[in-house]
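Below you'll find the structure, written out as structure tokens, and then a few comments.
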Amino acid sequence: MRRIIVSAIALSMLASTLGLAADGPATKPKQAVKKKAAPLSEELRRFQEQLQQQQSQLKQQQDQINQLQQQLQESKTELQQKTEQLQGSVQQASQQATAAQEAASTLNGSVSDLKTSNAGFVQTLQDTQKRISGLENPLAIHYKGITLTPGGFASADFIERSRNENADVSSSYTSLPFGGLANSKLSEFRLSARSSRLFLLAEGKAGDARLTGYWELDFLGQAPTANQLQSNSFTPRIRQAWGQVDFKNGFTVTAGQTWSLITTDRQGIATRSEFIPSTIESSYVVGYNYARQASVRLTEKFDKKVTAAFEVANPETAQPVGSNLPSPLFGFNNSENALSPNGSTLNNLAGSCTVPTGITVNGTVVTSSNLSSYACNPSPSAIINGFSTNLSPDLIGKIALDPGWGHYEIKALGRFFRDRYNGHNLTTEGGGIGAAAILPLVAKKADFIFEGLAGRGIGRYAASNSPDVTINPSGHIIPLKAVQALGGLELHPTPKLDVFLYGGDEYYGRSAYSTSSSKAVGYGSPLVNNVNCGEDYIPSGTCTGQNKNLWDATAGLWYRFYKGAFGTFQWGAQYEYLERSTWSGALGTGVPAGGLAPKGLDSVAMSSFRFVLP
């Protein structure tokens, strides 16, 4: 291209030069012109040839440019066509992809429907198999819209005590043998089936309300004819017997004999969810707060985190214990009906006992001469768990919190006591405040438990069943100060093994008085005679020993070596150490007051084999 341009420029310059020569002055002689024409024509001819060659080359190059432009245009056209084809292909591919996606979605839906259908079929098959199994091996009985579920266990319990308590599987916490008495020199072995248990659960519906009935019994009752000689005919006793209506809005009404509201729950506030120590020991653990008594309970579940309940309960008073209680004193289990032959329908124990002389029974004054004519309970001054003449029910309230980690409770107890002395009815109040917590240290593996109750007149609500009150010289009821506490750790290292460790303590305050003649009155008096508490038993001796403190430490395990449709076979073992200390009293004649505070203790080893109904 550059050569063509240079040639064109040179040609133009040559033409311009030739033009000037042709247009030169006319005065020049013609011969001179003719003489120079020949060489110019030759040079022009050569330039013309070169110009023609360059024009030809330029034309060729232009043709090439036109050809390239045509090719470029054809390439653009082809590219556009291919682009349009590609766009068409892409659109078609997109349509195909959309169709494929729709097909895949339809296929997934079909697969999902197939899975659902298959799962439904599998579930139906499982339900059918379960229904057939339930018909062949029913866990419950269905009768007129009610589901009846029986249960319980048969138990063989081995008990070995280092000191004799004359007790079965329930230890006598308040009367552990003092070190100097004969029972402390004797060990005790028992083999018992009395803790075997049966229950029946009934469930049904009435509209949106769920109805529940529950009955439970064991064989730790003691009738006058019960013995361990031949037939071992111990009578069944009611543990629980209650009915319940649970409304859809979270409101529940429970009535009957059940675990007291003072008992700690494991979650919320609900029957059959109570914290019950896992011990073989039927008295559980010192410091454990519970009672099983007739009551009416109202429960409101506000949400999953907050539940509240209020209960009115049977208010029996643990018989006042003390020295030289004033006489005649009524209102507890020494009323005239209780002292008369067959006069009480609460506790018809046959036999004679010591009753206060000078009182009137059915219009007759009791004297030393006619005392043997009266059948009654044991001595009114000795009984601590009789039948009181009650004024009003015990009132119990509780709030339970389940915030997501742990279970927490705050509870309150109100009590009312009454007696009759010297022609007057005398009343007083008692009660306590308590708290509890169950903390899952490791989910489903380790739980820490704590509970405590403090107040006046609360002895009945502790595992030791200690006295609630004493009486001052004027006949007034004095509720005893008390503090009760329990701590524990429950471990579940494997599905077959449970391990427990508990410790508890109970304290009962001193309420001591004296008469004008310096006789000890009340509870824990330093004037009482404890002289025979440190010696071998002397039939004519005295050992008052009023308890100040009780404590207990125990550990054990349960191992389930078989669990199946037939039931569960399990074995348990427990060791328990118990100790009681008393308020100090006199050593005897000539010994200063407060000289002796005897102690009692016991070590207990237990083992149990149980078959639990499925």
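Residue numbering restarts at 1 for every chain of the structure tokens, chains are lettered A, B, ... in their displayed order, and ligands are numbered from 1 as they appear.
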query: Quick one: residues within 8 Å of Ser184 of chain A, only C-alpha atoms counted, chain neighbours fewer than 3 positions away excluded, as a list of chain:residue names?
result: A:Ser162, A:Arg163, A:Asn164, A:Pro177, A:Phe178, A:Gly179, A:Gly180, A:Leu181, A:Ser187
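Using only C-alpha atoms, the contacts of Leu497 of chain A at a cut-off of 8 Å, with sequence neighbours closer than 2 positions omitted, comprise A:His492, A:Pro493, A:Thr494, A:Pro495, A:Val499, A:Leu557, A:Trp558, A:Tyr559, A:Arg560.
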- request: Excluding Val469 of chain A and any residue of its chain fewer than 3 positions from it, enumerate the residues within 12 Å of it, using only C-alpha atoms, and give them as a ChimeraX atom specification.
  value: /A:316-322,325,332,384-385,415-419,427-431,455-460,466,472,475-482,508-512,522-524
message: Report, in Å with one decimal, the straight-line distance from atom CA of Lys301 of chain A to atom CA of Leu491 of chain A.
response: 29.3 Å
message: Could you go through segment 287-337 of chain A and tell me which residues DSSP, when run on the backbone, assigns to strand (DSSP E), listing them as a list of chain:residue names?
response: A:Arg292, A:Gln293, A:Ala294, A:Ser295, A:Val296, A:Arg297, A:Leu298, A:Thr299, A:Glu300, A:Lys301, A:Val306, A:Thr307, A:Ala308, A:Ala309, A:Phe310, A:Glu311, A:Val312, A:Ala313, A:Leu329, A:Phe330
Residue selection dump (N, CA and C atoms) as a compact mmCIF listing (two decimals), in the first residue's frame:
```txt
# COMPACT_ATOMS: atom_id res chain seq x y z
N ARG A 292 -47.69 -39.32 102.70
CA ARG A 292 -48.73 -39.80 101.80
C ARG A 292 -50.02 -39.72 102.59
N GLN A 293 -50.89 -38.81 102.19
CA GLN A 293 -52.06 -38.52 103.00
C GLN A 293 -53.21 -38.09 102.10
N ALA A 294 -54.43 -38.18 102.69
CA ALA A 294 -55.61 -37.73 101.96
C ALA A 294 -55.55 -36.22 101.76
N SER A 295 -55.89 -35.77 100.56
CA SER A 295 -55.79 -34.35 100.25
C SER A 295 -56.64 -34.02 99.03
N VAL A 296 -56.84 -32.73 98.84
CA VAL A 296 -57.43 -32.19 97.61
C VAL A 296 -56.46 -31.15 97.09
N ARG A 297 -56.07 -31.28 95.83
CA ARG A 297 -55.04 -30.42 95.26
C ARG A 297 -55.55 -29.76 93.98
N LEU A 298 -55.26 -28.47 93.85
CA LEU A 298 -55.54 -27.72 92.64
C LEU A 298 -54.21 -27.29 92.03
N THR A 299 -54.01 -27.60 90.76
CA THR A 299 -52.75 -27.31 90.07
C THR A 299 -53.02 -26.50 88.82
N GLU A 300 -52.22 -25.48 88.60
CA GLU A 300 -52.32 -24.65 87.40
C GLU A 300 -50.96 -24.62 86.70
N LYS A 301 -50.94 -25.09 85.46
CA LYS A 301 -49.72 -25.05 84.65
C LYS A 301 -49.82 -23.85 83.73
N VAL A 306 -43.53 -22.65 84.31
CA VAL A 306 -44.07 -22.26 85.62
C VAL A 306 -45.33 -23.06 85.93
N THR A 307 -45.34 -23.70 87.11
CA THR A 307 -46.50 -24.43 87.60
C THR A 307 -46.72 -24.08 89.07
N ALA A 308 -47.96 -23.92 89.47
CA ALA A 308 -48.29 -23.61 90.86
C ALA A 308 -49.39 -24.55 91.34
N ALA A 309 -49.41 -24.83 92.64
CA ALA A 309 -50.41 -25.74 93.20
C ALA A 309 -50.72 -25.35 94.64
N PHE A 310 -51.93 -25.70 95.05
CA PHE A 310 -52.37 -25.48 96.43
C PHE A 310 -53.09 -26.73 96.88
N GLU A 311 -52.85 -27.13 98.15
CA GLU A 311 -53.39 -28.39 98.65
C GLU A 311 -53.91 -28.22 100.06
N VAL A 312 -55.07 -28.84 100.32
CA VAL A 312 -55.55 -29.00 101.70
C VAL A 312 -55.42 -30.47 102.04
N ALA A 313 -54.82 -30.78 103.20
CA ALA A 313 -54.44 -32.16 103.50
C ALA A 313 -54.83 -32.53 104.92
N LEU A 329 -55.07 -34.31 129.69
CA LEU A 329 -54.84 -33.59 128.45
C LEU A 329 -55.53 -34.34 127.32
N PHE A 330 -56.35 -33.62 126.55
CA PHE A 330 -57.09 -34.26 125.44
C PHE A 330 -56.82 -33.49 124.14
```
Selection: 7 Å around segment 262-266 of chain A, only C-alpha atoms, excl. self and same-chain fewer than 2 positions, as an NGL selection string: :A and (259-260 or 268-269 or 273-275 or 289-290 or 396 or 407 or 411 or 436 or 438)
- request: Just give me the gap between atom CA of Ser196 of chain A and atom CA of Ala555 of chain A in Å, one decimal is fine.
  value: 21.4 Å
query: Using only C-alpha atoms, which of the listed residues (A:Ala553, A:Ala597, A:Val528, A:Ala400) sits closest to Ala270 of chain A?
result: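 Comparing A:Ala553, A:Ala597, A:Val528, A:Ala400 against Ala270 of chain A, the winner is A:Ala400.
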task: Within 6 Å of Gly452 of chain A, counting only C-alpha atoms, which residues show up once you throw out same-chain ones fewer than 5 positions away? Write them as number ranges by chain, please.
output: A: 434-435, 484-485
message: Need to verify the contact set: Val612 of chain A, 9 Å, only C-alpha atoms, exclusion of same-chain residues closer than 2 positions in sequence. Can you return it as a ChimeraX atom specification?
response: /A:151-155,567-570,610,614
Please, could you write that set of residues out with C-alpha atoms as a short mmCIF file (atom, residue, chain, number, x, y, z; two decimals), in the first residue's frame?
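Saved the output as result.cif:
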```cif
data_model
loop_
_atom_site.label_atom_id
_atom_site.label_comp_id
_atom_site.auth_asym_id
_atom_site.auth_seq_id
_atom_site.Cartn_x
_atom_site.Cartn_y
_atom_site.Cartn_z
CA GLY A 151 -48.02 -53.04 87.65
CA GLY A 152 -45.80 -53.52 90.65
CA PHE A 153 -42.97 -55.75 91.76
CA ALA A 154 -42.21 -58.76 93.95
CA SER A 155 -39.29 -58.17 96.29
CA GLY A 567 -40.64 -57.90 82.83
CA THR A 568 -37.46 -56.74 84.54
CA PHE A 569 -35.21 -58.67 86.90
CA GLN A 570 -32.98 -56.42 88.95
CA ARG A 610 -36.93 -57.72 92.46
CA PRO A 614 -43.56 -54.83 82.49
#
```
message: Give me, as a PyMOL selection string, all polymer residues having an atom no more than 12 Å from Ser233 of chain A, counting only C-alpha atoms and skipping those fewer than 6 positions away in the same chain.
response: chain A and resi 192-194+219-227
message: What does the structure give for the distance between atom CA of Lys304 of chain A and atom CA of Tyr408 of chain A, in Å to one decimal?
response: 13.1 Å
message: Counting only C-alpha atoms, which residue out of A:Asn422, A:Val442, A:Pro598, A:Leu578 sits closest to Glu165 of chain A?
response: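 Of A:Asn422, A:Val442, A:Pro598, A:Leu578, the one nearest Glu165 of chain A is A:Leu578, counting only C-alpha atoms.
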